[in-house]
$ cat model11.cif   # mmCIF, C-alpha atoms
data_model
loop_
_atom_site.label_atom_id
_atom_site.label_comp_id
_atom_site.auth_asym_id
_atom_site.auth_seq_id
_atom_site.Cartn_x
_atom_site.Cartn_y
_atom_site.Cartn_z
CA MET A 396 197.80 153.30 -37.29
CA VAL A 397 198.81 151.61 -40.55
CA MET A 398 198.99 147.89 -41.08
CA ARG A 399 200.68 146.49 -44.16
CA ARG A 400 198.68 143.62 -45.61
CA SER A 401 201.91 141.77 -46.42
CA GLU A 402 202.82 141.76 -42.70
CA TYR A 403 199.36 141.35 -41.15
CA PHE A 404 198.02 137.90 -40.23
CA ILE A 405 194.85 137.47 -42.31
CA PRO A 406 194.66 133.81 -43.45
CA MET A 407 191.98 134.25 -46.12
CA LEU A 408 190.15 131.47 -47.95
CA ARG A 409 189.16 131.50 -51.60
CA GLU A 410 186.31 129.02 -51.28
CA VAL A 411 183.30 128.99 -48.96
CA PRO A 412 183.91 126.33 -46.27
CA SER A 413 181.40 123.49 -46.52
CA GLU A 414 180.58 123.61 -42.80
CA ALA A 415 179.54 127.28 -42.90
CA GLN A 416 175.77 127.57 -43.34
CA VAL A 417 175.11 131.26 -42.69
CA VAL A 418 176.65 134.34 -44.26
CA SER A 419 178.44 135.60 -41.15
CA HIS A 420 180.15 132.25 -40.63
CA GLN A 421 181.16 132.02 -44.28
CA LEU A 422 182.56 135.54 -44.50
CA MET A 423 184.36 135.47 -41.15
CA LEU A 424 186.14 132.28 -42.19
CA ARG A 425 186.90 133.52 -45.71
CA GLY A 426 188.06 136.90 -44.38
CA GLY A 427 190.46 135.34 -41.86
CA MET A 428 188.64 136.71 -38.81
CA ILE A 429 188.07 133.44 -36.95
CA ARG A 430 189.04 129.77 -37.09
CA GLN A 431 187.24 126.87 -35.43
CA LEU A 432 189.12 125.05 -32.69
CA THR A 433 186.44 122.45 -32.01
CA SER A 434 182.66 122.21 -32.23
CA GLY A 435 181.12 125.58 -31.32
CA ILE A 436 184.45 127.06 -30.11
CA TYR A 437 186.50 129.55 -32.16
CA ASN A 438 189.87 131.27 -32.19
CA TRP A 439 189.61 135.01 -32.79
CA LEU A 440 192.30 136.16 -35.20
CA PRO A 441 193.64 139.76 -35.38
CA LEU A 442 191.03 141.17 -37.79
CA GLY A 443 188.09 139.62 -35.93
CA LEU A 444 189.47 140.65 -32.57
CA ARG A 445 189.67 144.28 -33.68
CA VAL A 446 185.93 144.26 -34.39
CA LEU A 447 185.17 142.48 -31.11
CA ARG A 448 187.15 145.08 -29.16
CA LYS A 449 185.36 147.95 -30.91
CA VAL A 450 181.99 146.51 -29.91
CA GLU A 451 183.26 146.03 -26.35
CA ASN A 452 184.49 149.63 -26.15
CA ILE A 453 181.14 151.09 -27.23
CA ILE A 454 179.35 148.93 -24.66
CA ARG A 455 181.85 149.80 -21.94
CA GLU A 456 181.59 153.55 -22.58
CA GLU A 457 177.80 153.52 -22.34
CA MET A 458 177.70 151.27 -19.28
CA ASP A 459 180.20 153.50 -17.49
CA ALA A 460 178.20 156.58 -18.48
CA ALA A 461 175.07 154.98 -17.02
CA GLY A 462 176.77 154.56 -13.65
CA ALA A 463 177.60 150.84 -13.80
CA HIS A 464 180.87 149.55 -12.31
CA GLU A 465 182.97 147.06 -14.24
CA ILE A 466 184.09 143.89 -12.48
CA LEU A 467 185.32 140.48 -13.66
CA MET A 468 183.89 137.24 -12.28
CA PRO A 469 185.38 133.73 -12.63
CA GLY A 470 184.36 131.40 -15.41
CA VAL A 471 184.53 128.43 -13.03
CA GLN A 472 181.82 128.48 -10.35
CA PRO A 473 181.09 126.24 -7.34
CA ALA A 474 178.05 124.07 -8.03
CA GLU A 475 176.63 124.69 -4.55
CA LEU A 476 175.76 128.25 -5.57
CA TRP A 477 173.58 126.84 -8.34
CA ARG A 478 172.00 124.41 -5.90
CA GLU A 479 171.02 127.31 -3.65
CA THR A 480 168.92 128.81 -6.43
CA GLY A 481 167.75 125.46 -7.83
CA ARG A 482 169.16 126.20 -11.25
CA ASP A 483 171.61 123.30 -11.22
CA GLU A 484 168.73 121.07 -12.32
CA LYS A 485 166.61 123.65 -14.10
CA TYR A 486 169.38 124.70 -16.47
CA GLY A 487 169.71 121.20 -17.87
CA ALA A 488 172.45 119.71 -20.01
CA GLU A 489 173.72 123.07 -21.29
CA LEU A 490 175.31 123.58 -17.85
CA LEU A 491 178.73 121.92 -18.06
CA ARG A 492 179.43 120.19 -14.75
CA PHE A 493 182.75 118.76 -13.58
CA LYS A 494 184.77 117.97 -10.45
CA ASP A 495 188.10 119.48 -9.48
CA ARG A 496 190.97 117.40 -8.10
CA ASN A 497 189.45 117.59 -4.62
CA GLN A 498 186.17 116.18 -5.95
CA ARG A 499 184.34 119.46 -5.45
CA ASP A 500 181.44 119.98 -7.84
CA CYS A 501 181.97 122.86 -10.26
CA VAL A 502 180.27 124.35 -13.31
CA LEU A 503 181.59 126.30 -16.27
CA ALA A 504 179.68 129.57 -16.22
CA PRO A 505 176.87 130.09 -18.75
CA THR A 506 175.76 133.18 -16.80
CA HIS A 507 176.60 134.91 -13.51
CA GLU A 508 173.43 135.72 -11.54
CA GLU A 509 174.46 133.46 -8.66
CA VAL A 510 178.01 134.76 -8.41
CA VAL A 511 177.13 138.45 -8.56
CA THR A 512 174.41 137.96 -5.94
CA ASP A 513 176.98 136.19 -3.76
CA ILE A 514 179.28 139.21 -4.13
CA PHE A 515 176.41 141.46 -3.05
CA ARG A 516 175.34 139.40 -0.02
CA LYS A 517 178.92 139.28 1.31
CA ASN A 518 179.75 142.95 0.80
CA VAL A 519 176.63 145.14 0.94
CA ARG A 520 174.58 145.67 4.09
CA SER A 521 172.81 149.04 4.08
CA TYR A 522 170.35 150.84 1.85
CA LYS A 523 172.88 153.69 1.89
CA GLU A 524 175.09 151.63 -0.44
CA LEU A 525 172.38 151.44 -3.08
CA PRO A 526 171.63 151.75 -5.95
CA LEU A 527 174.38 149.51 -7.28
CA ASN A 528 175.00 148.22 -10.80
CA LEU A 529 177.86 145.81 -11.56
CA TYR A 530 178.81 144.61 -15.03
CA GLN A 531 181.44 142.55 -16.78
CA ILE A 532 182.51 141.52 -20.28
CA GLN A 533 183.36 137.85 -19.98
CA TRP A 534 183.54 134.60 -21.94
CA LYS A 535 180.79 132.13 -21.12
CA PHE A 536 180.12 128.50 -22.00
CA ARG A 537 176.85 126.74 -22.76
CA ASP A 538 177.09 123.13 -23.85
CA GLU A 539 174.74 123.42 -26.83
CA ILE A 540 173.49 120.04 -28.04
CA ARG A 541 173.95 121.11 -31.65
CA PRO A 542 176.26 124.10 -32.12
CA ARG A 543 175.60 125.70 -35.49
CA PHE A 544 175.74 128.88 -37.52
CA GLY A 545 179.24 129.82 -36.37
CA LEU A 546 179.16 132.55 -33.74
CA MET A 547 175.37 132.72 -33.84
CA ARG A 548 174.94 129.59 -31.75
CA GLY A 549 178.31 128.46 -30.46
CA ARG A 550 179.24 126.93 -27.15
CA GLU A 551 181.73 129.57 -26.02
CA PHE A 552 180.82 133.23 -26.48
CA SER A 553 181.59 136.71 -25.20
CA MET A 554 178.85 138.47 -23.25
CA LYS A 555 178.38 141.71 -21.41
CA ASP A 556 176.20 141.07 -18.38
CA ALA A 557 175.14 143.69 -15.85
CA TYR A 558 173.18 143.39 -12.59
CA SER A 559 171.34 146.13 -10.72
CA PHE A 560 170.48 146.07 -6.99
CA ASP A 561 167.89 148.37 -5.39
CA VAL A 562 165.76 148.62 -2.23
CA SER A 563 162.33 148.67 -3.86
CA ARG A 564 160.48 147.64 -7.01
CA GLU A 565 160.01 151.30 -7.97
CA ALA A 566 163.74 152.02 -7.68
CA SER A 567 164.56 148.81 -9.55
CA LEU A 568 162.24 149.67 -12.42
CA ALA A 569 163.95 153.08 -12.64
CA ALA A 570 167.30 151.26 -12.90
CA TYR A 571 165.80 149.00 -15.58
CA ASP A 572 164.69 152.05 -17.55
CA LYS A 573 168.17 153.55 -17.24
CA MET A 574 169.72 150.38 -18.63
CA PHE A 575 167.11 150.16 -21.38
CA LYS A 576 168.04 153.65 -22.54
CA ALA A 577 171.75 152.80 -22.34
CA TYR A 578 171.08 149.79 -24.57
CA CYS A 579 169.31 152.01 -27.08
CA ARG A 580 172.37 154.25 -27.21
CA ILE A 581 174.66 151.23 -27.60
CA PHE A 582 172.78 149.78 -30.55
CA ASP A 583 172.47 153.19 -32.18
CA ARG A 584 176.24 153.65 -31.87
CA LEU A 585 176.91 150.22 -33.32
CA GLY A 586 175.44 151.54 -36.57
CA LEU A 587 172.89 148.74 -36.91
CA GLN A 588 169.16 148.61 -37.63
CA TRP A 589 167.51 147.19 -34.52
CA ARG A 590 164.30 146.99 -32.52
CA ALA A 591 163.46 146.31 -28.84
CA VAL A 592 160.54 143.92 -28.26
CA VAL A 593 158.72 142.70 -25.16
CA ALA A 594 160.01 139.19 -24.46
CA ASP A 595 159.79 136.03 -22.39
CA SER A 596 162.24 135.73 -19.50
CA GLY A 597 163.12 132.08 -20.16
CA ALA A 598 165.75 130.34 -18.02
CA ILE A 599 166.96 133.60 -16.44
CA GLY A 600 163.62 134.19 -14.73
CA GLY A 601 161.89 137.38 -13.68
CA ASN A 602 158.64 139.03 -14.65
CA TYR A 603 159.50 141.79 -17.13
CA SER A 604 161.93 141.69 -20.04
CA HIS A 605 162.83 143.09 -23.44
CA GLU A 606 164.84 141.61 -26.30
CA PHE A 607 167.03 143.71 -28.55
CA GLN A 608 166.91 142.41 -32.09
CA VAL A 609 169.18 143.24 -35.02
CA LEU A 610 167.14 143.16 -38.23
CA ALA A 611 168.46 140.61 -40.73
CA ASP A 612 166.90 138.31 -43.30
CA THR A 613 168.65 135.31 -41.72
CA GLY A 614 167.22 135.94 -38.24
CA GLU A 615 165.41 133.19 -36.36
CA ASP A 616 162.70 135.49 -34.96
CA THR A 617 159.93 137.23 -36.89
CA LEU A 618 159.13 140.75 -35.71
CA LEU A 619 156.29 143.17 -36.35
CA PHE A 620 157.07 146.84 -35.78
CA ASP A 621 155.90 150.34 -36.47
CA PRO A 622 158.48 151.90 -38.82
CA GLU A 623 157.67 155.37 -37.47
CA GLY A 624 157.29 154.56 -33.76
CA ASP A 625 158.61 152.46 -30.87
CA TYR A 626 156.07 149.63 -31.05
CA ALA A 627 157.65 146.24 -31.82
CA VAL A 628 156.63 142.70 -30.96
CA ASN A 629 157.56 139.14 -31.75
CA ILE A 630 154.93 137.88 -34.20
CA GLU A 631 154.09 135.06 -31.79
CA LYS A 632 153.06 137.62 -29.17
CA PHE A 633 151.14 139.94 -31.50
CA ASP A 634 147.66 140.78 -30.22
CA ALA A 635 145.54 142.89 -32.54
CA ALA A 636 143.34 143.96 -29.61
CA THR A 637 146.26 145.61 -27.77
CA ALA A 638 148.38 146.76 -30.72
CA PRO A 639 148.47 150.64 -31.11
CA LYS A 640 148.70 150.90 -35.20
CA PRO A 641 146.50 147.99 -37.63
CA ARG A 642 148.41 144.78 -38.62
CA GLU A 643 148.68 145.89 -42.25
CA LYS A 644 150.51 149.07 -41.20
CA LEU A 645 153.21 147.14 -39.36
CA VAL A 646 156.45 146.03 -41.01
CA GLU A 647 157.39 142.36 -40.79
CA LYS A 648 161.11 141.54 -40.59
CA LYS A 649 163.38 138.81 -39.32
CA GLY A 650 165.52 139.55 -36.28
CA ILE A 651 168.57 138.21 -34.44
CA GLU A 652 168.48 138.52 -30.66
CA VAL A 653 171.66 140.20 -29.45
CA GLY A 654 170.59 141.71 -26.14
CA HIS A 655 168.12 141.09 -23.33
CA CYS A 656 167.00 143.05 -20.27
CA PHE A 657 165.29 141.24 -17.37
CA HIS A 658 163.60 142.63 -14.28
CA LEU A 659 164.38 139.86 -11.79
CA GLY A 660 162.70 141.23 -8.70
CA THR A 661 163.78 139.22 -5.65
CA LEU A 662 164.06 135.89 -7.47
CA TYR A 663 167.76 135.44 -6.68
CA SER A 664 168.19 137.68 -3.65
CA GLU A 665 165.57 135.77 -1.60
CA LYS A 666 167.10 132.37 -2.39
CA LEU A 667 170.64 133.53 -1.68
CA GLY A 668 169.86 135.77 1.30
CA ALA A 669 171.05 138.97 -0.36
CA ASN A 670 169.39 141.45 2.01
CA VAL A 671 169.82 145.11 2.85
CA VAL A 672 168.86 146.95 6.03
CA LEU A 673 166.47 149.87 5.48
CA GLU A 674 166.44 153.16 7.37
CA ASP A 675 163.89 151.78 9.85
CA GLY A 676 166.09 148.76 10.59
CA LYS A 677 164.05 146.28 8.58
CA SER A 678 165.99 143.78 6.47
CA VAL A 679 164.61 143.14 2.97
CA PRO A 680 165.88 141.25 -0.10
CA ALA A 681 167.44 143.44 -2.76
CA VAL A 682 165.39 143.97 -5.91
CA MET A 683 167.43 143.03 -8.97
CA GLY A 684 167.65 143.51 -12.70
CA CYS A 685 169.83 141.67 -15.22
CA TYR A 686 171.04 143.03 -18.58
CA GLY A 687 172.95 141.05 -21.22
CA ILE A 688 174.46 141.72 -24.63
CA GLY A 689 175.98 138.94 -26.73
CA VAL A 690 179.18 140.72 -27.76
CA SER A 691 180.48 138.05 -30.13
CA ARG A 692 176.97 137.55 -31.52
CA VAL A 693 176.74 141.28 -32.29
CA VAL A 694 179.77 140.87 -34.57
CA ALA A 695 178.07 138.04 -36.47
CA ALA A 696 174.71 139.85 -36.56
CA ALA A 697 176.37 142.94 -38.02
CA ILE A 698 177.63 140.85 -40.93
CA GLU A 699 174.24 139.17 -41.39
CA GLN A 700 172.72 142.64 -41.76
CA CYS A 701 175.57 144.35 -43.61
CA HIS A 702 176.91 142.34 -46.55
CA ASP A 703 176.51 141.80 -50.27
CA ALA A 704 177.62 139.16 -52.77
CA ALA A 705 181.21 140.43 -52.64
CA GLY A 706 181.67 140.34 -48.88
CA MET A 707 181.23 142.25 -45.64
CA MET A 708 180.13 145.89 -45.39
CA TRP A 709 181.10 147.05 -41.90
CA PRO A 710 179.38 150.00 -40.22
CA ALA A 711 182.07 152.62 -39.67
CA GLU A 712 181.73 152.43 -35.89
CA ILE A 713 182.87 148.82 -35.62
CA ALA A 714 184.94 148.27 -38.77
CA PRO A 715 188.36 146.70 -38.10
CA PHE A 716 189.99 149.55 -40.06
CA ASP A 717 188.59 152.82 -41.35
CA VAL A 718 190.28 152.70 -44.74
CA GLY A 719 191.66 150.05 -47.07
CA LEU A 720 194.50 151.64 -49.02
CA MET A 721 195.85 149.98 -52.16
CA THR A 722 198.26 150.83 -54.95
CA LEU A 723 197.57 149.29 -58.33
CA ARG A 724 201.21 149.02 -59.36
CA LYS A 725 203.62 147.83 -56.69
CA GLY A 726 206.96 149.63 -56.83
CA ASP A 727 205.67 152.57 -58.90
CA ALA A 728 207.35 155.67 -57.47
CA ALA A 729 204.37 158.02 -57.97
CA CYS A 730 201.96 155.49 -56.46
CA GLU A 731 204.19 154.85 -53.45
CA ALA A 732 204.73 158.56 -52.80
CA LEU A 733 201.03 159.41 -52.99
CA ALA A 734 200.11 156.44 -50.79
CA ALA A 735 202.65 157.57 -48.18
CA GLN A 736 201.23 161.11 -48.26
CA LEU A 737 197.69 159.80 -47.93
CA TYR A 738 198.62 157.62 -45.01
CA ALA A 739 200.20 160.60 -43.23
CA ASP A 740 197.04 162.66 -43.77
CA LEU A 741 194.82 159.86 -42.45
CA GLN A 742 197.08 159.34 -39.45
CA LYS A 743 196.75 163.01 -38.51
CA MET A 744 192.97 162.50 -38.58
CA GLY A 745 193.26 159.54 -36.20
CA LYS A 746 192.08 157.05 -38.82
CA THR A 747 193.23 153.44 -39.02
CA VAL A 748 194.50 152.09 -42.35
CA LEU A 749 195.02 148.62 -43.80
CA PHE A 750 197.53 149.07 -46.65
CA ASN A 751 197.18 146.31 -49.24
CA ASP A 752 200.78 146.32 -50.42
CA ARG A 753 200.80 142.73 -51.70
CA ASP A 754 202.33 141.94 -55.05
CA ALA A 755 199.01 140.93 -56.59
CA SER A 756 196.83 141.92 -59.51
CA ALA A 757 194.41 144.83 -59.24
CA GLY A 758 191.51 142.39 -59.52
CA GLU A 759 192.80 140.34 -56.58
CA LYS A 760 193.24 143.44 -54.45
CA PHE A 761 189.77 144.75 -55.27
CA ALA A 762 188.19 141.38 -54.46
CA GLU A 763 190.07 141.14 -51.17
CA MET A 764 189.12 144.65 -50.07
CA ASP A 765 185.47 144.08 -50.99
CA LEU A 766 185.49 140.86 -48.97
CA LEU A 767 186.94 142.58 -45.90
CA GLY A 768 184.32 145.33 -46.19
CA LEU A 769 186.17 148.33 -44.75
CA PRO A 770 184.04 151.49 -44.96
CA TRP A 771 186.32 153.26 -47.47
CA GLN A 772 188.76 152.10 -50.11
CA ALA A 773 191.49 154.47 -51.25
CA ILE A 774 192.82 153.41 -54.64
CA VAL A 775 196.08 154.83 -55.99
CA GLY A 776 196.74 154.01 -59.66
CA PRO A 777 199.79 155.07 -61.72
CA LYS A 778 197.90 157.43 -64.04
CA ASN A 779 195.97 159.21 -61.26
CA ALA A 780 199.02 159.29 -59.01
CA LYS A 781 200.93 161.43 -61.53
CA GLU A 782 198.10 163.96 -61.30
CA GLY A 783 197.88 163.73 -57.50
CA ILE A 784 194.44 162.12 -57.60
CA VAL A 785 193.09 159.35 -55.34
CA GLU A 786 190.02 157.27 -56.17
CA TRP A 787 187.76 156.70 -53.15
CA LYS A 788 185.10 154.00 -52.97
CA ASN A 789 182.38 153.83 -50.30
CA ARG A 790 181.89 150.14 -49.55
CA GLN A 791 178.32 150.57 -48.27
CA THR A 792 176.96 152.60 -51.17
CA GLY A 793 179.39 151.80 -53.98
CA GLU A 794 179.85 155.53 -54.60
CA LYS A 795 183.19 156.48 -56.19
CA LEU A 796 184.91 159.85 -55.85
CA MET A 797 188.05 161.25 -57.45
CA LEU A 798 189.72 163.62 -54.99
CA PRO A 799 193.01 165.51 -55.03
CA ALA A 800 195.67 164.49 -52.53
CA GLY A 801 195.04 166.11 -49.16
CA LYS A 802 191.25 165.73 -49.38
CA VAL A 803 189.28 162.82 -47.96
CA PRO A 804 185.55 162.07 -48.27
CA PHE A 805 184.82 161.87 -44.53
#
$ encode --input "model11.cif" --output "structure tokens"
Amino acid sequence: MVMRRSEYFIPMLREVPSEAQVVSHQLMLRGGMIRQLTSGIYNWLPLGLRVLRKVENIIREEMDAAGAHEILMPGVQPAELWRETGRDEKYGAELLRFKDRNQRDCVLAPTHEEVVTDIFRKNVRSYKELPLNLYQIQWKFRDEIRPRFGLMRGREFSMKDAYSFDVSREASLAAYDKMFKAYCRIFDRLGLQWRAVVADSGAIGGNYSHEFQVLADTGEDTLLFDPEGDYAVNIEKFDAATAPKPREKLVEKKGIEVGHCFHLGTLYSEKLGANVVLEDGKSVPAVMGCYGIGVSRVVAAAIEQCHDAAGMMWPAEIAPFDVGLMTLRKGDAACEALAAQLYADLQKMGKTVLFNDRDASAGEKFAEMDLLGLPWQAIVGPKNAKEGIVEWKNRQTGEKLMLPAGKVPF
């Protein structure tokens, strides 16, 4: 697919907006990916939405492969469900409460443990129907007291949340392990540097959990990890007595939490009466797990990890386009012909192309393409075009290659 820059809606900014404090917020605004509607709530524009959808697709493929079933639950929930679990008070002011026209108490969903457990208790009866794992990719709302850092801590955000149901703790821990491994595949495929660390369960509850952290200098958490092994821990939880390699051999880095796995046990199923009948006729509460990924936060975290002074540097797996194509002299017959040939070759390969066909200087085009951070830039100049040569630039490494038409560097 080719998109002409002159026809594509990318409202870019020359200056860094004063309200943007972190790199991801600055670059997403400058690059025309998002625009703020109100405090902590953003419109996703075409370029940003392409990245969001790519992240969603990777997550969806791995969740489906792990045997989870996709559903979609409402954003508006009846408050009585939250009263059943006691979280209407425990969750505090971040839970947005309101009444509908019939004066029924409602909440705007920050999470969906209550609703998915309600689905289970009304539709599943026998152990024969287990194991079961349900997931969704859905927008959620948490009324943050001080939204900040753009998508990093907004009020509305996209999340993938999954919920496993089993008949025993042993079976549930096996489901947890399956999801943990699926998460590892997801973050590997996203093309990011990440670590999984043992974590606190917080407001979700449960007795066993792991955080998935994207490594970035702007992260709020400090991690210690073995660069050659799986050991990783939040520095606040580091215990020299139980650590496998010495403190001085561990690497210290900042991290951004983008995913979390929780083993819930029967915390919700007991309170909501989500029981299953075993083979011997005994009724027991289902044993649950909960697994979340902040989809919109992954987009921001990727920029926090992958950028330089010129702009974004997208991993190939989630870049909005594979190639940024530009001609250095608009209207030049040789340039236009070679660009058309190159586009046809890339299309046959299934690659997506953003063609910067604007009537602008070479410097402006280079600056714009560096800001957008597409993995490869294909540069067609009048002199090289006459010789059938395309200049290729790798945005991540800065490497430049001169290749004859018909050859590409990937």
$ residues_around --input "model11.cif" --residues "Lys778 (chain A)" --least-positions-apart "4" --cutoff "12 Å" --atoms "all atoms listed in the file" --output "list in words"
Thr722, Leu723, Arg724, Asp727, Ala728, Ala729, Cys730, Leu733, Ile774, Glu782, Gly783, Ile784, Val785 and Glu786 of chain A
$ atom_distance --input "model11.cif" --atom1 "CA of Asp621 (chain A)" --atom2 "CA of Pro639 (chain A)"
9.2 Å
$ residues_around --input "model11.cif" --residues "Arg499 (chain A)" --least-positions-apart "2" --cutoff "12 Å" --atoms "all atoms listed in the file" --output "ChimeraX atom specification"
/A:471-475,492-497,501-502
$ residues_around --input "model11.cif" --residues "region 508-523 of chain A" --least-positions-apart "3" --cutoff "9 Å" --atoms "all atoms listed in the file" --output "list in words"
Met468, Pro469, Gln472, Leu476, Trp477, Glu479, Thr480, Pro526, Leu529, Tyr558, Phe560, Asp561, Val562, Ile599, Tyr663, Ser664, Leu667, Gly668, Ala669, Asn670, Val671, Val672, Leu673, Glu674, Ser678 and Cys685 of chain A
$ atom_distance --input "model11.cif" --atom1 "CA of Trp439 (chain A)" --atom2 "CA of Phe805 (chain A)"
29.7 Å
$ closest_atom_pairs --input "model11.cif" --of "region 581-680 of chain A" --to "region 409-431 of chain A" --cutoff "12 Å" --atoms "all atoms listed in the file" --output "JSON lines"
{"residue": "A:Ala611", "atom": "CA", "partner": "A:Val418", "partner_atom": "CA", "distance": 10.9}
{"residue": "A:Asp612", "atom": "CA", "partner": "A:Val418", "partner_atom": "CA", "distance": 10.6}
{"residue": "A:Thr613", "atom": "CA", "partner": "A:Val417", "partner_atom": "CA", "distance": 7.7}
{"residue": "A:Gly614", "atom": "CA", "partner": "A:Val417", "partner_atom": "CA", "distance": 10.2}
{"residue": "A:Glu615", "atom": "CA", "partner": "A:Val417", "partner_atom": "CA", "distance": 11.7}
$ decode --input "model11.cif" --residues "region 710-723 of chain A" --atoms "N, CA and C atoms" --output "CSV table (one decimal), in the first residue's frame"
chain,number,residue,atom,x,y,z
A,710,PRO,N,10.7,0.2,15.7
A,710,PRO,CA,11.0,-1.2,15.4
A,710,PRO,C,10.2,-1.6,14.1
A,711,ALA,N,10.8,-2.3,13.3
A,711,ALA,CA,10.1,-2.7,12.0
A,711,ALA,C,8.7,-3.3,12.2
A,712,GLU,N,8.6,-4.1,13.3
A,712,GLU,CA,7.4,-4.8,13.5
A,712,GLU,C,6.1,-3.9,13.8
A,713,ILE,N,6.4,-2.7,14.3
A,713,ILE,CA,5.2,-1.9,14.7
A,713,ILE,C,5.3,-0.5,14.0
A,714,ALA,N,6.2,-0.3,13.1
A,714,ALA,CA,6.3,0.9,12.4
A,714,ALA,C,5.0,1.2,11.6
A,715,PRO,N,4.6,2.5,11.5
A,715,PRO,CA,3.3,2.7,10.7
A,715,PRO,C,3.5,2.4,9.2
A,716,PHE,N,4.6,2.6,8.7
A,716,PHE,CA,5.0,2.2,7.3
A,716,PHE,C,6.3,1.6,7.3
A,717,ASP,N,6.6,0.7,6.3
A,717,ASP,CA,7.9,0.0,6.3
A,717,ASP,C,9.0,1.0,5.7
A,718,VAL,N,8.5,1.8,4.7
A,718,VAL,CA,9.5,2.6,3.9
A,718,VAL,C,9.0,4.0,3.8
A,719,GLY,N,9.8,5.0,3.9
A,719,GLY,CA,9.5,6.4,3.6
A,719,GLY,C,10.3,6.6,2.3
A,720,LEU,N,9.5,6.9,1.2
A,720,LEU,CA,10.1,7.1,-0.1
A,720,LEU,C,10.0,8.6,-0.4
A,721,MET,N,11.1,9.1,-0.9
A,721,MET,CA,11.1,10.6,-1.3
A,721,MET,C,11.9,10.8,-2.5
A,722,THR,N,11.4,11.7,-3.3
A,722,THR,CA,12.2,12.2,-4.5
A,722,THR,C,12.7,13.6,-4.1
A,723,LEU,N,13.9,13.9,-4.5
A,723,LEU,CA,14.6,15.2,-4.1
A,723,LEU,C,14.3,16.3,-5.1
